[in-house]
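S.K.: What follows is coords.txt, made up of compact mmCIF, C-alpha atoms:
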```txt
# COMPACT_ATOMS: atom_id res chain seq x y z
CA MET A 22 -41.62 178.21 19.88
CA VAL A 23 -40.83 176.24 23.05
CA SER A 24 -39.16 178.18 25.84
CA GLY A 25 -36.16 176.94 27.81
CA GLY A 26 -38.37 176.74 30.90
CA ASP A 27 -40.77 174.39 29.12
CA ASN A 28 -37.86 172.20 28.03
CA GLY A 29 -36.57 172.07 31.59
CA ALA A 30 -39.97 171.16 33.00
CA GLY A 31 -40.38 168.47 30.37
CA GLY A 32 -36.97 167.03 31.18
CA ARG A 33 -37.75 166.94 34.88
CA ALA A 34 -41.08 165.22 34.21
CA ILE A 35 -39.35 162.54 32.13
CA ALA A 36 -36.72 162.05 34.83
CA VAL A 37 -39.38 161.66 37.52
CA GLN A 38 -41.35 159.24 35.36
CA THR A 39 -38.22 157.16 34.72
CA LEU A 40 -37.42 157.11 38.43
CA VAL A 41 -40.95 155.96 39.26
CA ILE A 42 -40.74 153.15 36.69
CA TRP A 43 -37.44 151.84 38.05
CA ALA A 44 -38.67 152.17 41.65
CA LYS A 45 -41.64 150.02 40.65
CA ARG A 46 -39.26 147.43 39.22
CA TRP A 47 -37.23 147.43 42.43
CA LEU A 48 -40.41 146.66 44.38
CA LEU A 49 -41.25 143.88 41.91
CA ALA A 50 -37.86 142.29 42.56
CA LEU A 51 -38.46 142.44 46.31
CA GLN A 52 -41.96 141.00 45.92
CA PHE A 53 -40.81 138.09 43.81
CA LEU A 54 -37.63 137.11 45.65
CA THR A 55 -38.79 137.62 49.25
CA ILE A 56 -41.82 137.28 51.49
CA PHE A 57 -41.47 140.88 52.68
CA PRO A 58 -44.87 142.61 52.94
CA ILE A 59 -44.36 144.92 49.96
CA PRO A 60 -47.49 146.76 48.73
CA GLU A 61 -48.67 145.50 45.35
CA THR A 62 -47.49 147.58 42.45
CA ARG A 63 -50.04 148.58 39.85
CA SER A 64 -49.89 148.77 36.08
CA VAL A 65 -47.04 146.30 35.67
CA ASN A 66 -46.26 144.43 32.47
CA GLU A 67 -43.86 141.78 31.24
CA THR A 68 -41.19 144.37 30.53
CA ASP A 69 -41.30 145.54 34.15
CA PHE A 70 -40.82 141.98 35.39
CA ARG A 71 -37.93 141.38 33.02
CA GLN A 72 -36.22 144.66 33.85
CA SER A 73 -36.67 144.01 37.57
CA VAL A 74 -33.84 141.46 37.39
CA ALA A 75 -31.48 144.45 37.37
CA PHE A 76 -32.18 144.65 41.11
CA TYR A 77 -31.81 140.95 41.93
CA PRO A 78 -28.27 141.35 43.30
CA ILE A 79 -29.40 144.23 45.52
CA VAL A 80 -32.15 142.02 46.94
CA GLY A 81 -29.45 139.44 47.61
CA MET A 82 -27.37 142.06 49.41
CA VAL A 83 -30.33 143.03 51.61
CA LEU A 84 -31.01 139.41 52.51
CA GLY A 85 -27.34 138.63 53.05
CA THR A 86 -26.85 141.66 55.28
CA GLY A 87 -29.77 140.50 57.40
CA LEU A 88 -28.33 136.99 57.58
CA GLY A 89 -24.93 138.25 58.69
CA LEU A 90 -26.27 140.68 61.27
CA VAL A 91 -28.70 138.16 62.76
CA GLN A 92 -25.97 135.52 63.01
CA TRP A 93 -23.61 138.01 64.64
CA GLY A 94 -26.30 139.12 67.08
CA LEU A 95 -27.23 135.57 68.03
CA THR A 96 -23.60 134.67 68.69
CA ARG A 97 -23.72 137.21 71.53
CA ILE A 98 -26.06 134.85 73.40
CA LEU A 99 -25.61 131.47 71.70
CA PRO A 100 -22.75 129.27 70.46
CA VAL A 101 -21.96 129.78 66.79
CA MET A 102 -23.61 126.58 65.51
CA PRO A 103 -27.14 127.16 66.88
CA ALA A 104 -26.79 130.86 66.02
CA THR A 105 -25.98 129.94 62.42
CA ALA A 106 -28.80 127.39 62.25
CA LEU A 107 -31.38 129.95 63.39
CA SER A 108 -30.08 132.74 61.14
CA LEU A 109 -29.89 130.45 58.09
CA ALA A 110 -33.44 129.25 58.75
CA GLY A 111 -34.62 132.85 58.90
CA TYR A 112 -32.74 133.71 55.72
CA SER A 113 -34.31 130.80 53.84
CA LEU A 114 -37.75 131.68 55.20
CA ALA A 115 -37.32 135.27 54.01
CA THR A 116 -36.93 133.95 50.44
CA GLY A 117 -40.04 131.79 50.78
CA PHE A 118 -37.74 128.83 50.04
CA LEU A 119 -38.18 129.86 46.40
CA HIS A 120 -34.75 128.87 45.13
CA LEU A 121 -34.42 125.80 47.34
CA ASP A 122 -37.72 124.52 45.94
CA GLY A 123 -36.33 124.98 42.43
CA LEU A 124 -33.20 123.00 43.28
CA MET A 125 -35.26 120.16 44.72
CA ASP A 126 -37.63 120.05 41.74
CA LEU A 127 -34.69 120.01 39.33
CA ALA A 128 -33.04 117.19 41.27
CA ASP A 129 -36.24 115.14 41.13
CA GLY A 130 -36.60 115.68 37.39
CA VAL A 131 -33.07 115.02 36.22
CA GLY A 132 -32.51 112.37 38.88
CA SER A 133 -35.44 110.35 37.57
CA ARG A 134 -33.38 109.43 34.47
CA LYS A 135 -36.58 109.69 32.47
CA PRO A 136 -36.73 111.10 28.92
CA ARG A 137 -36.87 114.88 28.61
CA PRO A 138 -40.69 115.29 28.47
CA GLU A 139 -41.20 113.09 31.53
CA ALA A 140 -38.40 114.81 33.44
CA LEU A 141 -40.00 118.19 32.80
CA LYS A 142 -43.35 116.82 33.93
CA ILE A 143 -41.82 115.53 37.17
CA MET A 144 -40.33 118.96 37.81
CA ARG A 145 -43.83 120.46 37.62
CA ASP A 146 -45.15 117.99 40.22
CA SER A 147 -45.72 119.74 43.55
CA ARG A 148 -44.69 116.61 45.44
CA VAL A 149 -41.04 116.27 46.43
CA GLY A 150 -39.22 113.01 45.73
CA SER A 151 -36.23 111.41 47.38
CA MET A 152 -33.71 113.01 45.02
CA GLY A 153 -35.07 116.44 45.80
CA VAL A 154 -34.96 115.84 49.53
CA VAL A 155 -31.36 114.65 49.37
CA ALA A 156 -30.31 117.63 47.21
CA GLY A 157 -32.01 120.08 49.55
CA ILE A 158 -30.42 118.56 52.64
CA LEU A 159 -26.95 118.49 51.08
CA VAL A 160 -27.10 122.15 50.09
CA MET A 161 -28.48 123.34 53.42
CA VAL A 162 -25.91 121.31 55.37
CA GLY A 163 -23.17 122.69 53.11
CA LYS A 164 -24.30 126.27 53.71
CA PHE A 165 -24.54 125.68 57.45
CA ALA A 166 -21.07 124.16 57.59
CA ALA A 167 -19.51 127.07 55.72
CA LEU A 168 -21.36 129.87 57.52
CA SER A 169 -20.79 128.43 60.97
CA SER A 170 -17.06 128.32 60.24
CA LEU A 171 -16.71 131.89 58.96
CA PRO A 172 -15.61 134.54 61.47
CA PRO A 173 -18.79 136.05 63.04
CA GLY A 174 -19.21 139.71 62.23
CA HIS A 175 -17.24 139.45 58.96
CA LEU A 176 -20.11 140.73 56.82
CA GLY A 177 -18.42 140.77 53.40
CA PRO A 178 -19.14 137.16 52.37
CA PHE A 179 -22.66 137.33 53.81
CA VAL A 180 -23.46 140.31 51.58
CA VAL A 181 -21.54 139.49 48.40
CA ILE A 182 -22.32 135.80 47.89
CA PRO A 183 -26.15 136.17 47.84
CA ALA A 184 -25.72 139.06 45.40
CA LEU A 185 -23.50 136.95 43.14
CA ALA A 186 -25.94 134.04 43.32
CA ARG A 187 -28.77 136.18 42.03
CA TRP A 188 -26.55 137.77 39.39
CA ALA A 189 -25.68 134.27 38.16
CA MET A 190 -29.39 133.65 37.63
CA VAL A 191 -29.66 136.83 35.56
CA LEU A 192 -26.66 135.78 33.49
CA ALA A 193 -28.25 132.38 32.83
CA MET A 194 -31.47 134.09 31.74
CA THR A 195 -29.55 135.68 28.88
CA SER A 196 -27.87 132.46 27.78
CA ALA A 197 -30.45 129.78 26.92
CA PRO A 198 -34.06 129.49 25.71
CA TYR A 199 -36.96 128.21 27.76
CA ALA A 200 -37.10 124.41 27.88
CA ARG A 201 -40.87 123.96 27.71
CA VAL A 202 -41.57 124.92 24.11
CA GLY A 203 -45.14 126.11 23.65
CA GLU A 204 -45.83 126.18 27.38
CA SER A 205 -45.93 129.00 29.88
CA GLY A 206 -44.09 129.24 33.18
CA ILE A 207 -42.04 131.59 35.30
CA GLY A 208 -38.92 130.74 33.33
CA SER A 209 -40.57 131.60 30.02
CA LEU A 210 -40.99 135.19 31.18
CA TYR A 211 -37.24 135.65 31.53
CA ALA A 212 -35.38 133.20 29.28
CA MET A 213 -33.66 135.14 26.47
CA HIS A 214 -35.79 138.21 27.25
CA ILE A 215 -33.39 140.14 29.51
CA SER A 216 -32.21 143.50 28.22
CA ARG A 217 -28.59 144.60 28.14
CA ILE A 218 -29.28 147.42 30.57
CA ALA A 219 -30.70 144.99 33.15
CA LEU A 220 -27.71 142.68 32.75
CA TRP A 221 -25.22 145.53 33.02
CA MET A 222 -26.96 147.06 36.04
CA SER A 223 -26.91 143.74 37.88
CA SER A 224 -23.29 143.13 36.85
CA LEU A 225 -22.16 146.55 38.04
CA THR A 226 -23.83 145.94 41.40
CA VAL A 227 -21.95 142.71 42.10
CA ILE A 228 -18.64 144.10 40.84
CA VAL A 229 -18.83 147.11 43.14
CA ALA A 230 -20.00 145.02 46.11
CA ALA A 231 -17.28 142.42 45.65
CA VAL A 232 -14.49 144.97 45.23
CA LEU A 233 -15.58 147.00 48.26
CA LEU A 234 -16.38 144.15 50.64
CA LEU A 235 -13.89 141.39 49.80
CA PRO A 236 -10.13 141.21 49.25
CA VAL A 237 -9.33 141.32 45.54
CA ALA A 238 -8.30 137.66 45.28
CA GLU A 239 -11.46 136.50 47.05
CA ALA A 240 -13.63 138.78 44.93
CA VAL A 241 -12.16 137.47 41.67
CA SER A 242 -12.43 133.84 42.77
CA VAL A 243 -16.07 133.97 43.88
CA TRP A 244 -17.02 135.94 40.76
CA GLY A 245 -15.35 133.26 38.65
CA LEU A 246 -17.17 130.57 40.61
CA ALA A 247 -20.55 132.20 40.01
CA LEU A 248 -19.77 132.48 36.31
CA ALA A 249 -18.71 128.82 36.18
CA VAL A 250 -21.84 127.59 37.96
CA ALA A 251 -24.10 129.58 35.64
CA TRP A 252 -22.26 128.27 32.56
CA ALA A 253 -22.31 124.68 33.82
CA MET A 254 -26.03 124.77 34.63
CA VAL A 255 -26.92 126.32 31.27
CA SER A 256 -24.84 123.72 29.43
CA PHE A 257 -26.35 120.87 31.44
CA ALA A 258 -29.92 122.14 31.09
CA ARG A 259 -29.53 122.55 27.33
CA ARG A 260 -28.41 118.94 26.97
CA ARG A 261 -30.78 117.35 29.48
CA LEU A 262 -33.89 119.52 29.25
CA GLY A 263 -33.55 121.44 26.01
CA GLY A 264 -33.17 124.76 27.80
CA MET A 265 -33.63 126.53 31.10
CA THR A 266 -36.57 126.52 33.51
CA GLY A 267 -37.44 128.49 36.62
CA ASP A 268 -36.27 125.53 38.69
CA ALA A 269 -32.86 125.59 37.00
CA TYR A 270 -32.49 129.29 37.82
CA GLY A 271 -33.28 128.56 41.45
CA ALA A 272 -30.74 125.75 41.51
CA ILE A 273 -28.06 128.15 40.28
CA ASN A 274 -28.76 130.45 43.20
CA GLU A 275 -28.52 127.64 45.75
CA LEU A 276 -25.33 126.19 44.31
CA VAL A 277 -23.55 129.54 44.08
CA GLU A 278 -24.43 130.32 47.69
CA TRP A 279 -23.23 126.96 48.97
CA LEU A 280 -20.04 126.81 46.91
CA GLY A 281 -19.36 130.53 47.23
CA TRP A 282 -19.42 130.55 51.02
CA THR A 283 -17.32 127.38 51.00
CA LEU A 284 -14.75 129.01 48.71
CA VAL A 285 -14.53 132.06 50.97
CA LEU A 286 -14.00 129.72 53.91
CA ALA A 287 -11.10 128.13 52.04
CA TRP A 288 -9.47 131.56 51.77
CA HIS A 289 -9.84 132.04 55.52
CA GLY A 290 -8.68 128.51 56.32
```
Write out the structure in this file as structure tokens.

M.R.:
Amino acid sequence: MVSGGDNGAGGRAIAVQTLVIWAKRWLLALQFLTIFPIPETRSVNETDFRQSVAFYPIVGMVLGTGLGLVQWGLTRILPVMPATALSLAGYSLATGFLHLDGLMDLADGVGSRKPRPEALKIMRDSRVGSMGVVAGILVMVGKFAALSSLPPGHLGPFVVIPALARWAMVLAMTSAPYARVGESGIGSLYAMHISRIALWMSSLTVIVAAVLLLPVAEAVSVWGLALAVAWAMVSFARRRLGGMTGDAYGAINELVEWLGWTLVLAWHG
């Protein structure tokens, strides 16, 4: 016969173990999406990596908060344009240029107008072509233009848009298979392997953040934009590449950030 005390102790042990597992997944998300010096987590598996996407929007919120605070602080001593340039450079550096690199690789591949196998091969090439350079410049200039025009100190868009951008990646991970059939890659770890709980956790995060930090109309519009960008990229990647890749996920993040901040600016215009 098991006593009530034993049941209680067992329940607490399970709760602690569950908490440790999800804390490990939070650290995995930070490790993958940033260059922060996070200690390596031990005993991780594919499930941990896939479930870690539940925390992607929170990582975006951390990065976005830093971006907004640094820009606001720099505007105390600098004009808004150089302050924005420095803060945006720091923000991009904090991500290791991970998503921007994906956008540029995707632009090189699809911009080559080569057949699908050759386009995918070009995307794997570590060298950056002219299409990638142009795409990267356009997106960074677009972000700079929007952020430098937003009211300094208005943290809502700085926090919410990066969270939405990373949620859009998670949504895309649930919507299309991996393009490189029979090959491995970062994208293969996630494509069509994301659990409902991870999707719902990430979705709840962005809903709460948007409702609390933005006016309702702005929140609905930027959420709709993120959804539209994810849907458009998935549809395009299915037709052009046969599915999604890690580069396509990164491109979603960059496009949602650029267009999302621009849309918020339109509301304030």

S.K.: Taking all atoms listed in the file into account, name the residue in A:Asn66, A:Phe53, A:Thr96, A:Arg134 that is nearest to Leu119 in chain A.

M.R.: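 Among the listed residues, A:Phe53 lies closest to Leu119 in chain A.
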
S.K.: Have a look at A:Ser242, A:Ser196, A:Ser209, A:Ser73 and name the one nearest to Ala258 in chain A; count all atoms listed in the file.

M.R.: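 That would be A:Ser196, the residue with the smallest distance to Ala258 in chain A.
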
S.K.: Counting only C-alpha atoms, figure out which residue out of A:Met125, A:Val255, A:Met213, A:Leu48 gets nearest to Arg145 in chain A.

M.R.: A:Met125

S.K.: To one decimal in Å, tell me the separation between CA of Gly87 in chain A and CA of Leu168 in chain A.

M.R.: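 CA of Leu168 in chain A lies 13.6 Å from CA of Gly87 in chain A.
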
S.K.: Need the shell around Trp252 in chain A: protein/DNA/RNA residues with any atom at most 12 Å away, counting all atoms listed in the file. Skip same-chain ones fewer than 6 positions apart. Format as a list in words?

M.R.: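 The residues that qualify are Ala189, Met190, Val191, Leu192, Ala193, Met194, Thr195, Ser196, Ala197, Gly245, Leu246, Ala258, Arg259, Met265, Ala269, Tyr270, Ile273 and Val277 of chain A.
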
S.K.: Just want the 10 Å neighbourhood of Tyr211 in chain A, counted on all atoms listed in the file, with same-chain residues fewer than 5 positions away dropped. Output as a list in words.

M.R.: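 Here the answer would be Glu67, Thr68, Phe70, Arg71, Gln72, Val74, Val191, Ala193, Met194, Thr195, Pro198, Tyr199, Gly206, Ser216, Met265, Thr266 and Gly267 of chain A.
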
S.K.: Pick out the closest residue to Asp122 in chain A from this set: A:Gly85, A:Gly32, A:Gly271, A:Gly208. Count all atoms listed in the file.

M.R.: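 That would be A:Gly271, the residue with the smallest distance to Asp122 in chain A.
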
S.K.: Quick one: contact table of range 50-101 of chain A to range 174-178 of chain A, 9 Å max, nearest atom pair and distance in Å to one decimal per residue, counting all atoms listed in the file, chain and number order, as JSON lines?

M.R.:
```
{"residue": "A:Gly85", "atom": "CA", "partner": "A:Pro178", "partner_atom": "CA", "distance": 8.4}
{"residue": "A:Thr86", "atom": "CA", "partner": "A:Leu176", "partner_atom": "CA", "distance": 7.0}
{"residue": "A:Gly89", "atom": "CA", "partner": "A:Leu176", "partner_atom": "CA", "distance": 5.7}
{"residue": "A:Leu90", "atom": "CA", "partner": "A:Gly174", "partner_atom": "CA", "distance": 7.2}
{"residue": "A:Gln92", "atom": "CA", "partner": "A:Gly174", "partner_atom": "CA", "distance": 8.0}
{"residue": "A:Trp93", "atom": "CA", "partner": "A:Gly174", "partner_atom": "CA", "distance": 5.3}
{"residue": "A:Gly94", "atom": "CA", "partner": "A:Gly174", "partner_atom": "CA", "distance": 8.6}
```

S.K.: For the contact check between range 127-195 of chain A and range 105-118 of chain A, emit one row per residue of range 127-195 of chain A within 12 Å, containing the shortest atom pair and the distance in Å rounded to one decimal, counting all atoms listed in the file, chain then rising number order, as CSV.

M.R.:
```
residue,atom,partner,partner_atom,distance
A:Gly157,CA,A:Phe118,CA,10.5
A:Val160,CA,A:Leu109,CA,11.9
A:Met161,CA,A:Leu109,CA,8.6
A:Val162,CA,A:Ala106,CA,9.6
A:Gly163,CA,A:Leu109,CA,11.4
A:Lys164,CA,A:Leu109,CA,8.2
A:Phe165,CA,A:Ala106,CA,6.6
A:Ala166,CA,A:Thr105,CA,9.0
A:Ala167,CA,A:Thr105,CA,9.7
A:Leu168,CA,A:Thr105,CA,6.7
A:Ser169,CA,A:Thr105,CA,5.6
A:Ser170,CA,A:Thr105,CA,9.3
A:Leu171,CA,A:Thr105,CA,10.1
A:Pro172,CA,A:Thr105,CA,11.4
A:Pro173,CA,A:Thr105,CA,9.5
A:Gly174,CA,A:Thr105,CA,11.9
A:Phe179,CA,A:Leu109,CA,10.9
A:Pro183,CA,A:Tyr112,CA,10.6
A:Arg187,CA,A:Thr116,CA,11.9
```

S.K.: Quick one: of A:Ala104, A:Ala156, A:Val41, A:Ala212, who's nearest to Leu124 in chain A, counting all atoms listed in the file?

M.R.: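 The answer is A:Ala156, which sits nearest to Leu124 in chain A.
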
S.K.: How many Å lie between CA of Leu84 in chain A and CA of Ala186 in chain A, rounded to one decimal?

M.R.: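 That distance, rounded to one decimal, is 11.8 Å.
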
S.K.: Pick from A:Ala230, A:Ile215, A:Val65, A:Val250: nearest to Val83 in chain A, with only C-alpha atoms counted?

M.R.: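 Ranked by minimum distance to Val83 in chain A, first place goes to A:Ala230.
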
S.K.: Give as a compact mmCIF listing (two decimals) with C-alpha atoms, in the coordinates of the input each residue that has an atom at most 12 Å from (-35.2, 114.6, 47.4) in the file, counting only C-alpha atoms.

M.R.:
```txt
# COMPACT_ATOMS: atom_id res chain seq x y z
CA LEU A 121 -34.42 125.80 47.34
CA ASP A 122 -37.72 124.52 45.94
CA GLY A 123 -36.33 124.98 42.43
CA LEU A 124 -33.20 123.00 43.28
CA MET A 125 -35.26 120.16 44.72
CA ASP A 126 -37.63 120.05 41.74
CA LEU A 127 -34.69 120.01 39.33
CA ALA A 128 -33.04 117.19 41.27
CA ASP A 129 -36.24 115.14 41.13
CA GLY A 130 -36.60 115.68 37.39
CA VAL A 131 -33.07 115.02 36.22
CA GLY A 132 -32.51 112.37 38.88
CA SER A 133 -35.44 110.35 37.57
CA MET A 144 -40.33 118.96 37.81
CA ARG A 148 -44.69 116.61 45.44
CA VAL A 149 -41.04 116.27 46.43
CA GLY A 150 -39.22 113.01 45.73
CA SER A 151 -36.23 111.41 47.38
CA MET A 152 -33.71 113.01 45.02
CA GLY A 153 -35.07 116.44 45.80
CA VAL A 154 -34.96 115.84 49.53
CA VAL A 155 -31.36 114.65 49.37
CA ALA A 156 -30.31 117.63 47.21
CA GLY A 157 -32.01 120.08 49.55
CA ILE A 158 -30.42 118.56 52.64
CA LEU A 159 -26.95 118.49 51.08
CA VAL A 160 -27.10 122.15 50.09
```

S.K.: Could you give me the centre and size, in Å to one decimal, of an axis-aligned box around all listed atoms of range 247-265 of chain A with 5 Å added on every side, as AutoDock Vina command-line options?

M.R.:
```
--center_x -26.3 --center_y 124.9 --center_z 33.0 --size_x 25.2 --size_y 25.1 --size_z 24.0
```

S.K.: Complete the atom set of range 80-108 of chain A to N, CA and C atoms and return it as a PDB file, in the coordinates of the input.

M.R.:
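Saved result, selection-v7.pdb, follows:
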```pdb
ATOM      1  N   VAL A  80     -31.309 142.813  46.033  1.00  0.00           N
ATOM      2  CA  VAL A  80     -32.150 142.020  46.940  1.00  0.00           C
ATOM      3  C   VAL A  80     -31.283 141.015  47.688  1.00  0.00           C
ATOM      4  N   GLY A  81     -30.366 140.374  46.968  1.00  0.00           N
ATOM      5  CA  GLY A  81     -29.450 139.440  47.610  1.00  0.00           C
ATOM      6  C   GLY A  81     -28.608 140.103  48.676  1.00  0.00           C
ATOM      7  N   MET A  82     -28.166 141.328  48.421  1.00  0.00           N
ATOM      8  CA  MET A  82     -27.370 142.060  49.410  1.00  0.00           C
ATOM      9  C   MET A  82     -28.191 142.376  50.651  1.00  0.00           C
ATOM     10  N   VAL A  83     -29.445 142.750  50.461  1.00  0.00           N
ATOM     11  CA  VAL A  83     -30.330 143.030  51.610  1.00  0.00           C
ATOM     12  C   VAL A  83     -30.514 141.781  52.453  1.00  0.00           C
ATOM     13  N   LEU A  84     -30.819 140.668  51.790  1.00  0.00           N
ATOM     14  CA  LEU A  84     -31.010 139.410  52.510  1.00  0.00           C
ATOM     15  C   LEU A  84     -29.729 138.958  53.197  1.00  0.00           C
ATOM     16  N   GLY A  85     -28.617 139.060  52.484  1.00  0.00           N
ATOM     17  CA  GLY A  85     -27.340 138.630  53.050  1.00  0.00           C
ATOM     18  C   GLY A  85     -26.913 139.479  54.234  1.00  0.00           C
ATOM     19  N   THR A  86     -27.168 140.783  54.153  1.00  0.00           N
ATOM     20  CA  THR A  86     -26.850 141.660  55.280  1.00  0.00           C
ATOM     21  C   THR A  86     -27.659 141.255  56.508  1.00  0.00           C
ATOM     22  N   GLY A  87     -28.946 140.965  56.287  1.00  0.00           N
ATOM     23  CA  GLY A  87     -29.770 140.500  57.400  1.00  0.00           C
ATOM     24  C   GLY A  87     -29.262 139.206  57.987  1.00  0.00           C
ATOM     25  N   LEU A  88     -28.868 138.281  57.119  1.00  0.00           N
ATOM     26  CA  LEU A  88     -28.330 136.990  57.580  1.00  0.00           C
ATOM     27  C   LEU A  88     -27.090 137.204  58.439  1.00  0.00           C
ATOM     28  N   GLY A  89     -26.167 138.021  57.956  1.00  0.00           N
ATOM     29  CA  GLY A  89     -24.930 138.250  58.690  1.00  0.00           C
ATOM     30  C   GLY A  89     -25.150 138.939  60.023  1.00  0.00           C
ATOM     31  N   LEU A  90     -26.017 139.943  60.037  1.00  0.00           N
ATOM     32  CA  LEU A  90     -26.270 140.680  61.270  1.00  0.00           C
ATOM     33  C   LEU A  90     -26.999 139.821  62.302  1.00  0.00           C
ATOM     34  N   VAL A  91     -27.967 139.036  61.835  1.00  0.00           N
ATOM     35  CA  VAL A  91     -28.700 138.160  62.760  1.00  0.00           C
ATOM     36  C   VAL A  91     -27.763 137.111  63.348  1.00  0.00           C
ATOM     37  N   GLN A  92     -26.915 136.515  62.487  1.00  0.00           N
ATOM     38  CA  GLN A  92     -25.970 135.520  63.010  1.00  0.00           C
ATOM     39  C   GLN A  92     -25.037 136.144  64.040  1.00  0.00           C
ATOM     40  N   TRP A  93     -24.512 137.322  63.721  1.00  0.00           N
ATOM     41  CA  TRP A  93     -23.610 138.010  64.640  1.00  0.00           C
ATOM     42  C   TRP A  93     -24.311 138.321  65.960  1.00  0.00           C
ATOM     43  N   GLY A  94     -25.557 138.803  65.871  1.00  0.00           N
ATOM     44  CA  GLY A  94     -26.300 139.120  67.080  1.00  0.00           C
ATOM     45  C   GLY A  94     -26.574 137.896  67.932  1.00  0.00           C
ATOM     46  N   LEU A  95     -26.925 136.802  67.287  1.00  0.00           N
ATOM     47  CA  LEU A  95     -27.230 135.570  68.030  1.00  0.00           C
ATOM     48  C   LEU A  95     -25.987 134.983  68.681  1.00  0.00           C
ATOM     49  N   THR A  96     -24.820 135.207  68.076  1.00  0.00           N
ATOM     50  CA  THR A  96     -23.600 134.670  68.690  1.00  0.00           C
ATOM     51  C   THR A  96     -23.250 135.403  69.987  1.00  0.00           C
ATOM     52  N   ARG A  97     -23.919 136.527  70.253  1.00  0.00           N
ATOM     53  CA  ARG A  97     -23.720 137.210  71.530  1.00  0.00           C
ATOM     54  C   ARG A  97     -24.339 136.419  72.686  1.00  0.00           C
ATOM     55  N   ILE A  98     -25.347 135.585  72.348  1.00  0.00           N
ATOM     56  CA  ILE A  98     -26.060 134.850  73.400  1.00  0.00           C
ATOM     57  C   ILE A  98     -26.046 133.339  73.202  1.00  0.00           C
ATOM     58  N   LEU A  99     -25.606 132.894  72.020  1.00  0.00           N
ATOM     59  CA  LEU A  99     -25.610 131.470  71.700  1.00  0.00           C
ATOM     60  C   LEU A  99     -24.267 131.055  71.113  1.00  0.00           C
ATOM     61  N   PRO A 100     -23.918 129.767  71.200  1.00  0.00           N
ATOM     62  CA  PRO A 100     -22.750 129.270  70.460  1.00  0.00           C
ATOM     63  C   PRO A 100     -22.970 129.451  68.962  1.00  0.00           C
ATOM     64  N   VAL A 101     -21.888 129.429  68.200  1.00  0.00           N
ATOM     65  CA  VAL A 101     -21.960 129.780  66.790  1.00  0.00           C
ATOM     66  C   VAL A 101     -22.830 128.815  65.987  1.00  0.00           C
ATOM     67  N   MET A 102     -22.843 127.532  66.320  1.00  0.00           N
ATOM     68  CA  MET A 102     -23.610 126.580  65.510  1.00  0.00           C
ATOM     69  C   MET A 102     -25.125 126.803  65.619  1.00  0.00           C
ATOM     70  N   PRO A 103     -25.707 126.864  66.827  1.00  0.00           N
ATOM     71  CA  PRO A 103     -27.140 127.160  66.880  1.00  0.00           C
ATOM     72  C   PRO A 103     -27.465 128.559  66.366  1.00  0.00           C
ATOM     73  N   ALA A 104     -26.556 129.512  66.548  1.00  0.00           N
ATOM     74  CA  ALA A 104     -26.790 130.860  66.020  1.00  0.00           C
ATOM     75  C   ALA A 104     -26.864 130.824  64.495  1.00  0.00           C
ATOM     76  N   THR A 105     -25.979 130.062  63.880  1.00  0.00           N
ATOM     77  CA  THR A 105     -25.980 129.940  62.420  1.00  0.00           C
ATOM     78  C   THR A 105     -27.222 129.204  61.938  1.00  0.00           C
ATOM     79  N   ALA A 106     -27.617 128.150  62.639  1.00  0.00           N
ATOM     80  CA  ALA A 106     -28.800 127.390  62.250  1.00  0.00           C
ATOM     81  C   ALA A 106     -30.042 128.279  62.246  1.00  0.00           C
ATOM     82  N   LEU A 107     -30.209 129.078  63.290  1.00  0.00           N
ATOM     83  CA  LEU A 107     -31.380 129.950  63.390  1.00  0.00           C
ATOM     84  C   LEU A 107     -31.341 131.052  62.325  1.00  0.00           C
ATOM     85  N   SER A 108     -30.177 131.652  62.124  1.00  0.00           N
ATOM     86  CA  SER A 108     -30.080 132.740  61.140  1.00  0.00           C
ATOM     87  C   SER A 108     -30.258 132.214  59.721  1.00  0.00           C
TER      88      SER A 108
END
```
